[in-house]
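Shown next: data_19.txt, containing compact mmCIF, C-alpha atoms.
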# COMPACT_ATOMS: atom_id res chain seq x y z
CA MET A 1145 183.23 235.34 57.74
CA GLN A 1146 182.86 238.85 59.10
CA ARG A 1147 185.83 241.23 58.97
CA HIS A 1148 186.52 242.14 62.59
CA GLU A 1149 188.45 244.93 64.26
CA LEU A 1150 190.49 245.21 67.42
CA GLY A 1151 189.50 247.42 70.33
CA LEU A 1152 186.73 247.63 72.94
CA PRO A 1153 184.67 250.20 70.99
CA TYR A 1154 184.25 247.68 68.19
CA ALA A 1155 183.01 245.02 70.64
CA ARG A 1156 180.50 247.48 72.03
CA SER A 1157 179.31 248.32 68.53
CA LEU A 1158 178.57 244.62 67.96
CA ASP A 1159 176.55 244.56 71.18
CA GLU A 1160 174.56 247.61 70.08
CA ARG A 1161 173.52 245.77 66.91
CA ASP A 1162 172.76 242.49 68.69
CA PRO A 1163 169.06 241.59 68.33
CA LEU A 1164 169.29 239.25 71.34
CA ARG A 1165 170.93 241.67 73.76
CA SER A 1166 167.79 242.19 75.85
CA PHE A 1167 167.64 238.50 76.81
CA ARG A 1168 170.66 238.96 79.08
CA GLU A 1169 168.31 240.69 81.52
CA ARG A 1170 166.30 237.47 81.79
CA PHE A 1171 169.22 235.70 83.53
CA PHE A 1172 170.96 236.07 86.87
CA VAL A 1173 174.28 237.41 85.59
CA VAL A 1174 176.63 238.25 88.46
CA ASP A 1175 177.89 241.83 88.32
CA GLY A 1176 181.55 242.00 87.40
CA GLU A 1177 181.69 238.36 86.33
CA ILE A 1178 182.21 236.97 82.83
CA TYR A 1179 180.42 233.61 82.74
CA LEU A 1180 181.82 231.36 79.99
CA ASP A 1181 180.90 227.95 81.38
CA GLY A 1182 177.34 227.64 80.09
CA ASN A 1183 178.36 224.52 78.19
CA SER A 1184 178.78 222.82 81.60
CA LEU A 1185 176.04 224.54 83.58
CA GLY A 1186 173.87 227.30 82.21
CA LEU A 1187 172.95 230.29 84.31
CA CYS A 1188 169.67 230.42 86.20
CA SER A 1189 166.99 232.27 84.25
CA LYS A 1190 164.43 234.53 85.88
CA ASP A 1191 161.75 232.72 83.90
CA GLY A 1192 163.01 229.44 85.35
CA GLU A 1193 162.93 230.83 88.87
CA ALA A 1194 159.34 231.96 88.32
CA ALA A 1195 158.36 228.49 87.07
CA ILE A 1196 159.88 226.86 90.16
CA LEU A 1197 158.06 229.29 92.46
CA ARG A 1198 154.77 228.61 90.66
CA LEU A 1199 155.28 224.89 91.14
CA LEU A 1200 156.12 225.36 94.82
CA ASP A 1201 152.96 227.40 95.27
CA VAL A 1202 150.86 224.66 93.68
CA TRP A 1203 152.49 222.06 95.92
CA LYS A 1204 151.95 224.22 99.03
CA THR A 1205 148.30 224.86 98.29
CA GLN A 1206 147.23 221.66 96.55
CA GLY A 1207 149.26 218.82 98.06
CA ILE A 1208 148.45 215.54 96.32
CA ARG A 1209 146.00 217.39 94.09
CA ILE A 1210 149.03 218.80 92.24
CA TRP A 1211 148.69 215.89 89.80
CA ASN A 1212 145.23 217.04 88.70
CA VAL A 1213 145.52 220.83 88.51
CA GLU A 1214 145.72 222.64 85.17
CA GLU A 1215 144.29 219.64 83.31
CA GLY A 1216 146.95 217.30 84.66
CA LYS A 1217 149.87 219.49 83.54
CA TYR A 1218 152.27 218.22 86.20
CA PHE A 1219 151.21 214.59 85.87
CA LEU A 1220 151.96 214.97 82.17
CA TYR A 1221 155.01 217.19 82.74
CA PRO A 1222 157.47 214.96 80.78
CA SER A 1223 155.42 215.25 77.59
CA PHE A 1224 154.37 218.85 78.36
CA LEU A 1225 158.04 219.85 78.40
CA GLY A 1226 158.84 217.48 75.57
CA LYS A 1227 156.46 219.41 73.36
CA LYS A 1228 158.39 222.61 74.14
CA VAL A 1229 161.76 220.97 73.45
CA ALA A 1230 160.65 219.30 70.20
CA PRO A 1231 161.16 222.40 67.98
CA LEU A 1232 164.78 222.64 69.15
CA VAL A 1233 165.55 219.15 67.84
CA GLY A 1234 163.24 219.09 64.82
CA ALA A 1235 160.87 216.42 66.08
CA ASP A 1236 157.16 215.83 66.51
CA ALA A 1237 155.89 216.61 70.00
CA ASP A 1238 155.10 212.97 70.78
CA GLU A 1239 158.64 211.88 69.80
CA VAL A 1240 160.23 213.79 72.70
CA THR A 1241 159.98 213.35 76.43
CA VAL A 1242 161.84 214.80 79.42
CA THR A 1243 162.93 212.12 81.85
CA ASN A 1244 165.75 210.63 83.88
CA SER A 1245 169.39 211.67 83.45
CA THR A 1246 171.41 211.43 80.25
CA THR A 1247 173.16 208.33 81.54
CA ILE A 1248 169.93 206.54 82.40
CA ASN A 1249 168.44 207.54 79.06
CA ILE A 1250 171.46 205.96 77.34
CA HIS A 1251 170.86 202.82 79.37
CA GLN A 1252 167.21 202.89 78.34
CA ALA A 1253 167.97 203.45 74.66
CA ILE A 1254 170.63 200.74 74.43
CA ALA A 1255 168.53 198.30 76.47
CA THR A 1256 165.71 198.90 73.98
CA PHE A 1257 167.49 199.11 70.64
CA TYR A 1258 170.46 196.79 71.12
CA GLN A 1259 169.16 193.41 70.05
CA PRO A 1260 172.17 191.47 68.72
CA GLN A 1261 171.24 189.04 65.98
CA GLY A 1262 173.42 186.91 63.75
CA LYS A 1263 176.51 188.87 62.72
CA ARG A 1264 175.06 192.22 63.88
CA VAL A 1265 176.34 192.26 67.42
CA LYS A 1266 178.61 195.31 67.67
CA ILE A 1267 178.10 198.91 68.76
CA LEU A 1268 180.20 201.57 67.03
CA VAL A 1269 181.48 204.48 69.16
CA ASP A 1270 184.33 207.00 69.11
CA ASP A 1271 187.21 207.46 71.54
CA LEU A 1272 186.56 211.14 72.31
CA ASN A 1273 182.99 211.01 73.60
CA PHE A 1274 182.09 211.89 77.18
CA SER A 1275 182.93 208.95 79.44
CA THR A 1276 179.44 208.22 80.79
CA ASP A 1277 178.25 207.20 77.32
CA ARG A 1278 180.82 204.44 77.15
CA TYR A 1279 180.21 203.34 80.72
CA ALA A 1280 176.49 202.88 80.02
CA ILE A 1281 177.06 201.02 76.75
CA ASP A 1282 179.63 198.67 78.30
CA SER A 1283 177.26 198.01 81.20
CA GLN A 1284 174.37 197.12 78.91
CA ILE A 1285 176.59 194.76 76.91
CA ARG A 1286 177.67 192.98 80.07
CA LEU A 1287 174.03 192.61 81.12
CA LYS A 1288 173.50 190.61 77.93
CA GLY A 1289 176.31 188.29 78.96
CA LEU A 1290 178.71 189.66 76.36
CA ASP A 1291 182.20 191.14 76.59
CA PRO A 1292 182.50 194.87 75.77
CA ALA A 1293 186.08 194.28 74.57
CA GLU A 1294 184.64 192.11 71.80
CA ILE A 1295 181.42 194.00 71.12
CA VAL A 1296 182.36 197.70 71.24
CA GLN A 1297 184.11 198.88 68.09
CA VAL A 1298 185.93 202.17 68.55
CA VAL A 1299 186.68 204.72 65.86
CA ARG A 1300 189.99 206.30 66.85
CA SER A 1301 190.69 209.99 66.45
CA ARG A 1302 193.56 210.79 64.11
CA ASP A 1303 194.64 213.93 65.95
CA GLY A 1304 193.26 213.61 69.49
CA ARG A 1305 190.84 216.47 68.83
CA THR A 1306 188.37 215.42 66.14
CA ILE A 1307 186.68 212.42 64.57
CA ASP A 1308 186.85 211.90 60.80
CA GLU A 1309 183.44 210.98 59.39
CA ASP A 1310 185.16 208.92 56.69
CA ASP A 1311 186.64 206.73 59.44
CA VAL A 1312 183.20 206.29 61.02
CA ILE A 1313 181.68 205.25 57.72
CA ALA A 1314 184.56 202.91 56.90
CA ALA A 1315 183.92 201.13 60.22
CA MET A 1316 180.25 200.45 59.38
CA SER A 1317 180.62 196.76 58.67
CA ASP A 1318 177.85 194.18 58.58
CA GLU A 1319 178.70 193.39 62.21
CA ILE A 1320 177.52 196.78 63.45
CA ALA A 1321 174.06 196.94 65.03
CA ILE A 1322 174.12 200.50 66.40
CA VAL A 1323 176.20 203.63 65.86
CA PHE A 1324 176.19 205.92 68.90
CA LEU A 1325 178.07 209.22 68.67
CA PRO A 1326 178.09 212.76 70.07
CA SER A 1327 176.74 215.55 67.89
CA VAL A 1328 179.40 217.91 69.27
CA LEU A 1329 182.61 216.69 70.90
CA TYR A 1330 182.76 218.06 74.43
CA ARG A 1331 186.46 218.93 74.32
CA SER A 1332 187.10 220.24 70.80
CA ALA A 1333 183.60 221.53 69.89
CA GLN A 1334 183.66 219.58 66.61
CA LEU A 1335 180.17 219.34 65.12
CA LEU A 1336 179.81 216.05 63.28
CA ASP A 1337 177.96 215.70 59.99
CA MET A 1338 174.98 213.98 61.54
CA ALA A 1339 172.97 213.76 58.32
CA ARG A 1340 175.75 212.05 56.40
CA ILE A 1341 176.58 209.56 59.15
CA THR A 1342 172.93 208.68 59.72
CA ARG A 1343 172.29 208.23 56.02
CA GLU A 1344 175.33 206.01 55.52
CA ALA A 1345 174.41 203.89 58.53
CA HIS A 1346 170.82 203.40 57.41
CA ASP A 1347 172.01 202.42 53.94
CA ARG A 1348 173.80 199.55 55.69
CA GLY A 1349 170.89 198.57 57.92
CA ILE A 1350 172.41 200.09 61.07
CA LEU A 1351 170.52 202.03 63.76
CA VAL A 1352 171.87 205.44 64.80
CA GLY A 1353 171.65 207.23 68.14
CA TRP A 1354 173.01 210.67 69.01
CA ASP A 1355 174.18 212.33 72.21
CA LEU A 1356 173.14 215.99 71.89
CA CYS A 1357 174.41 217.13 75.30
CA HIS A 1358 176.91 219.62 73.92
CA SER A 1359 174.79 220.95 71.09
CA ILE A 1360 171.15 221.25 72.13
CA GLY A 1361 170.31 224.90 72.79
CA SER A 1362 173.35 226.03 70.83
CA VAL A 1363 172.97 224.23 67.50
CA PRO A 1364 169.60 223.75 65.77
CA HIS A 1365 168.79 220.13 65.01
CA ASP A 1366 166.38 218.43 62.63
CA LEU A 1367 166.23 214.84 63.81
CA LYS A 1368 163.22 214.15 61.63
CA ALA A 1369 165.00 215.32 58.48
CA ILE A 1370 168.06 213.15 59.13
CA ASP A 1371 165.84 210.28 60.33
CA ALA A 1372 167.82 209.54 63.51
CA ASP A 1373 166.56 206.52 65.41
CA PHE A 1374 167.00 207.99 68.89
CA ALA A 1375 168.81 210.77 70.73
CA VAL A 1376 169.54 211.76 74.32
CA TRP A 1377 170.66 215.00 75.96
CA CYS A 1378 170.97 216.90 79.21
CA ASN A 1379 169.02 220.10 79.82
CA TYR A 1380 171.34 221.86 82.26
CA LYS A 1381 173.93 223.22 79.82
CA TYR A 1382 172.74 225.59 77.08
CA LEU A 1383 169.09 225.00 78.08
CA ASN A 1384 169.66 226.39 81.60
CA ALA A 1385 167.45 223.94 83.47
CA GLY A 1386 169.60 223.81 86.61
CA PRO A 1387 172.29 221.55 88.11
CA GLY A 1388 171.46 217.89 87.60
CA ALA A 1389 168.23 218.74 85.79
CA VAL A 1390 166.22 215.94 84.21
CA GLY A 1391 167.40 214.88 80.74
CA GLY A 1392 165.71 214.55 77.38
CA LEU A 1393 164.99 211.71 74.98
CA PHE A 1394 163.93 211.50 71.33
CA VAL A 1395 162.49 208.36 69.79
CA ASN A 1396 161.74 208.22 66.07
CA ARG A 1397 158.06 207.45 65.65
CA LYS A 1398 158.90 204.54 63.36
CA HIS A 1399 160.02 202.77 66.55
CA PHE A 1400 156.83 203.44 68.52
CA GLY A 1401 155.57 200.15 69.87
CA LYS A 1402 159.01 198.58 70.21
CA ALA A 1403 159.21 196.97 73.65
CA VAL A 1404 161.24 199.21 75.95
CA GLY A 1405 164.22 197.71 77.71
CA LEU A 1406 163.54 199.34 81.09
CA ALA A 1407 159.83 199.44 81.85
CA GLY A 1408 158.29 201.52 84.64
CA TRP A 1409 154.80 202.57 85.64
CA HIS A 1410 155.02 206.02 84.05
CA GLY A 1411 155.79 204.34 80.75
CA ASN A 1412 152.38 202.69 80.92
CA ARG A 1413 149.39 204.00 78.97
CA LYS A 1414 147.98 206.92 80.90
CA SER A 1415 144.44 205.60 80.57
CA THR A 1416 145.27 202.49 82.61
CA GLN A 1417 148.30 203.64 84.63
CA PHE A 1418 146.39 204.01 87.90
CA GLN A 1419 144.71 200.67 87.51
CA LEU A 1420 148.13 199.39 88.58
CA LEU A 1421 147.86 196.28 86.48
CA GLN A 1422 150.53 193.63 86.82
CA THR A 1423 150.91 193.55 83.03
CA PHE A 1424 152.70 196.51 81.43
CA GLU A 1425 150.59 198.34 78.83
CA GLN A 1426 153.19 200.38 77.00
CA ALA A 1427 152.45 203.99 76.07
CA PRO A 1428 152.14 204.48 72.31
CA ASP A 1429 154.78 207.24 71.96
CA ALA A 1430 158.05 208.46 73.48
CA ASP A 1431 156.48 208.44 76.93
CA ALA A 1432 156.86 204.64 76.83
CA PHE A 1433 160.49 205.31 77.75
CA LEU A 1434 159.54 206.91 81.08
CA THR A 1435 160.17 204.90 84.22
CA GLY A 1436 159.30 206.34 87.64
CA THR A 1437 157.46 209.41 88.91
CA PRO A 1438 158.87 212.61 87.37
CA PRO A 1439 160.81 214.82 89.84
CA LEU A 1440 158.89 218.03 89.27
CA LEU A 1441 161.23 220.35 91.16
CA GLY A 1442 164.08 219.12 88.94
CA MET A 1443 162.08 219.96 85.83
CA ALA A 1444 160.35 223.29 86.44
CA ALA A 1445 163.29 225.57 85.60
CA LEU A 1446 163.35 224.03 82.13
CA GLU A 1447 159.81 225.26 81.50
CA GLY A 1448 160.80 228.86 82.04
CA ALA A 1449 164.03 228.56 80.08
CA LEU A 1450 162.23 227.02 77.11
CA ASP A 1451 159.88 230.00 77.01
CA ILE A 1452 162.96 232.18 76.46
CA PHE A 1453 164.13 229.96 73.60
CA ALA A 1454 160.70 230.15 72.01
CA GLU A 1455 160.94 233.94 72.03
CA ALA A 1456 164.54 234.17 70.89
CA GLY A 1457 164.34 231.47 68.20
CA MET A 1458 167.06 228.91 67.56
CA THR A 1459 168.05 230.50 64.26
CA ARG A 1460 168.98 233.76 65.96
CA VAL A 1461 170.61 231.93 68.87
CA ARG A 1462 172.82 230.00 66.47
CA GLU A 1463 173.69 233.10 64.46
CA LYS A 1464 174.85 234.96 67.55
CA SER A 1465 176.67 231.92 68.94
CA LEU A 1466 178.66 231.61 65.73
CA ALA A 1467 179.37 235.35 65.73
CA LEU A 1468 180.63 235.27 69.32
CA THR A 1469 182.92 232.28 68.80
CA GLU A 1470 184.19 233.70 65.51
CA TYR A 1471 185.04 236.98 67.22
CA LEU A 1472 186.76 235.12 70.05
CA MET A 1473 188.87 233.10 67.60
CA TYR A 1474 189.82 236.32 65.79
CA LEU A 1475 191.05 237.84 69.04
CA VAL A 1476 192.95 234.68 69.94
CA ASP A 1477 194.76 234.80 66.60
CA LYS A 1478 195.51 238.51 66.75
CA ARG A 1479 196.37 238.95 70.41
CA LEU A 1480 196.93 235.65 72.20
CA ALA A 1481 198.87 233.47 69.76
CA PRO A 1482 202.22 235.09 70.69
CA TYR A 1483 201.70 233.86 74.27
CA GLY A 1484 201.28 230.19 73.35
CA TYR A 1485 197.50 230.11 73.01
CA ALA A 1486 195.93 228.30 70.05
CA VAL A 1487 192.44 227.48 68.79
CA GLY A 1488 191.87 223.73 69.04
CA ASN A 1489 188.39 223.53 67.53
CA PRO A 1490 187.29 223.45 63.88
CA ARG A 1491 187.05 226.92 62.34
CA GLU A 1492 184.22 226.41 59.84
CA ASP A 1493 180.73 227.43 60.98
CA ALA A 1494 179.26 224.07 59.94
CA ARG A 1495 181.92 222.17 61.87
CA ARG A 1496 181.85 223.74 65.33
CA GLY A 1497 179.40 223.90 68.21
CA GLY A 1498 178.97 226.67 70.75
CA HIS A 1499 182.33 226.83 72.52
CA VAL A 1500 185.95 227.54 71.72
CA ALA A 1501 188.64 225.05 72.74
CA LEU A 1502 191.50 227.34 73.73
CA GLU A 1503 194.70 225.31 74.01
CA HIS A 1504 197.74 226.21 76.13
CA ASP A 1505 200.42 224.18 77.90
CA GLU A 1506 199.37 225.83 81.17
CA ALA A 1507 195.63 225.52 80.56
CA TYR A 1508 194.77 224.17 84.00
CA ARG A 1509 196.54 226.88 85.97
CA ILE A 1510 195.29 229.53 83.55
CA CYS A 1511 191.74 228.42 84.37
CA LEU A 1512 192.45 228.89 88.07
CA ALA A 1513 193.90 232.34 87.43
CA LEU A 1514 190.88 233.30 85.32
CA LYS A 1515 188.49 232.43 88.12
CA THR A 1516 190.30 234.72 90.56
CA ARG A 1517 189.80 237.51 88.03
CA GLY A 1518 186.06 237.00 87.61
CA VAL A 1519 186.11 234.86 84.46
CA ILE A 1520 184.39 231.47 84.73
CA PRO A 1521 185.68 228.93 82.18
CA ASP A 1522 186.35 225.23 82.62
CA PHE A 1523 189.30 222.95 81.94
CA ARG A 1524 189.43 219.71 79.98
CA GLU A 1525 192.41 217.41 79.85
CA PRO A 1526 195.06 217.67 78.72
CA ASN A 1527 195.40 221.34 77.72
CA VAL A 1528 192.03 222.94 76.94
CA VAL A 1529 190.44 226.03 78.43
CA ARG A 1530 186.82 225.75 77.30
CA LEU A 1531 185.16 229.09 76.68
CA ALA A 1532 181.45 229.11 75.91
CA PRO A 1533 180.07 232.55 75.02
CA VAL A 1534 176.40 231.59 75.36
CA ALA A 1535 174.27 233.66 73.02
CA LEU A 1536 171.47 234.50 75.46
CA TYR A 1537 173.57 236.12 78.18
CA VAL A 1538 177.17 236.69 77.01
CA SER A 1539 178.11 239.91 75.23
CA PHE A 1540 180.83 240.75 72.72
CA GLU A 1541 182.27 243.06 75.36
CA ASP A 1542 182.49 240.05 77.70
CA VAL A 1543 184.53 238.23 75.06
CA HIS A 1544 186.84 241.20 74.60
CA ARG A 1545 187.42 241.61 78.32
CA CYS A 1546 188.09 237.89 78.70
CA VAL A 1547 190.82 238.14 76.07
CA ASP A 1548 192.28 241.13 77.93
CA ILE A 1549 192.55 238.97 81.03
CA LEU A 1550 193.93 235.94 79.17
CA GLU A 1551 196.63 238.16 77.70
CA GLU A 1552 197.52 239.64 81.08
CA ILE A 1553 197.73 236.20 82.70
CA ALA A 1554 200.10 234.89 80.05
CA ALA A 1555 202.20 238.04 79.74
CA THR A 1556 202.82 238.24 83.49
CA LYS A 1557 202.77 234.47 84.07
CA ALA A 1558 200.13 235.06 86.71
CA TYR A 1559 199.29 231.36 86.64
CA GLU A 1560 202.62 230.35 88.25
CA PRO A 1561 201.51 230.67 91.91
CA PHE A 1562 198.76 228.09 91.30
CA SER A 1563 199.27 224.37 91.84
CA HIS A 1564 199.17 221.74 89.11
CA ALA A 1565 197.20 219.49 91.52
CA ARG A 1566 193.73 218.83 90.15
CA SER A 1567 190.75 219.86 92.24
CA LEU A 1568 187.77 217.56 92.78
CA VAL A 1569 185.69 219.35 90.12
CA VAL A 1570 187.60 221.00 87.27

Output the file's structure as structure tokens, nothing else.
Amino acid sequence: MQRHELGLPYARSLDERDPLRSFRERFFVVDGEIYLDGNSLGLCSKDGEAAILRLLDVWKTQGIRIWNVEEGKYFLYPSFLGKKVAPLVGADADEVTVTNSTTINIHQAIATFYQPQGKRVKILVDDLNFSTDRYAIDSQIRLKGLDPAEIVQVVRSRDGRTIDEDDVIAAMSDEIAIVFLPSVLYRSAQLLDMARITREAHDRGILVGWDLCHSIGSVPHDLKAIDADFAVWCNYKYLNAGPGAVGGLFVNRKHFGKAVGLAGWHGNRKSTQFQLLQTFEQAPDADAFLTGTPPLLGMAALEGALDIFAEAGMTRVREKSLALTEYLMYLVDKRLAPYGYAVGNPREDARRGGHVALEHDEAYRICLALKTRGVIPDFREPNVVRLAPVALYVSFEDVHRCVDILEEIAATKAYEPFSHARSLVV
């Protein structure tokens, strides 16, 4: 852990030594604003804008011929982008595709891999994961005529913040068919020991799937090394692909050829897809998990953003992300603790993702006060201000100035004029 100092000059000295500082210019950062919500929606990149405009130009000039230009690039866009994402998750290019939303990809994965047999009928989850994961799993169980209350086994958090890997492993009975967990918990930023959990599950004959939504683009992954069976993620957070951007899917090549649960014509072999046969000829790789026609305009920004990641390198992105969150936690301890603020995420580098879970009894109203002062965080129930200093466009000076504002809000109780009533989107 680095020994930090107080004061704005020190923050600026960190920025001067930052090897990634020039990448900030590749994003549309609003003047006078401190954007700390990239773990919900990443900023628009200039590279992404250029990719969208290129696509629009092709559409305007080529019409239906868009599917054949550049050697079929846009017809093959899911795998074209999958190849660019693959290094971020430690996978072979043909094990990754870009398709659907995270929720639909969970439906697809569970529909494919959940095949209850004998005693192995249960799916193991945790009670802190993002809600859509559970909704999709429960739905797929009901479609098989089973009762989620009997089939879903839940590992309960001991403290309401984190999940103990020992508890997950202890729950891996011979009734468990699949373990499905988040890599990083969306509220507390806990980074689970994915390698250990996957290894222990496989030793017991259990399949393992991971939700990487709150880690991809912030934490390097090596899905091949840990031998995960499948993984899903969204691309609009740290990967900056735009609101509601198409999601991502990893399928371990050892499962290639397994009949997909939700078949669609883009999951057919490309060589026979336009023969429009009435019998599905499944693609031989991750593209088998595709369904309908890819929404190109919802994918193009990802192409540009991934070019930035290729230049920056995930190792350097992770190093800066850890440095930013470490510095933020230092300032919380030194300056904000007397005002009732506390760090609610794990402290160790190997145990936290890319955001800080700042806890306070008035977290919701503090978030509202922050936004009126040009700081963009988000709130998570019951008492968390989530602050994500994204490595590619947030500076150490941004972090320092955010802490200045957090201190002022608490010291003057500037949150008091704001209502406790929750807004539609928080």

Problem set entry | Counting only C-alpha atoms, the option among A:Glu1177, A:Asp1282, A:Asp1191, A:Asp1159 closest to Pro1521 in chain A | A:Glu1177

Exercise. Using only C-alpha atoms, which residue out of A:Ala1345, A:Ala1432, A:Val1500, A:Leu1335 lies closest to Ser1223 in chain A?
Worked result: A:Ala1432

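Look at range 1409-1416 of chain A: the protein and nucleic acid residues within 8 Å of it, using all atoms listed in the file and passing over chain neighbours fewer than 4 places away, are Leu1420, Leu1421, Phe1424, Glu1425, Gln1426, Ala1427, Pro1428, Asp1431, Ala1432, Phe1433, Leu1434, Thr1435, Gly1436 and Thr1437 of chain A.
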
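For Asp1493 in chain A, the list of residues within 12 Å, based on only C-alpha atoms and with local chain neighbours fewer than 6 positions off taken out, reads Met1145, Gln1146, Ala1333, Gln1334, Leu1335, Leu1336, Val1363, Arg1462, Glu1463, Lys1464, Ser1465, Leu1466, Ala1467, Leu1468, Thr1469, Glu1470, Met1473, His1499 and Val1500 of chain A.
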
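Pairwise distance (CA of Arg1264 in chain A, CA of Val1352 in chain A) equals 13.6 Å.
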
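Comparing A:His1148, A:Pro1292, A:Arg1156, A:Gly1408 by their smallest distance to Asn1244 in chain A, the closest is A:Gly1408 (using only C-alpha atoms).
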
For this session: Enter the distance from CA of Lys1515 in chain A to CA of Phe1274 in chain A, in Å, rounded to one decimal.
Result: 24.1 Å

Problem set entry | Exercise: range 1547-1558 of chain A partners within 12 Å, only C-alpha atoms, chain neighbours under 3 positions left out, as a ChimeraX atom specification | /A:1150-1152,1155,1178,1180,1471-1485,1502-1507,1509-1521,1529,1531,1540-1544,1561-1563
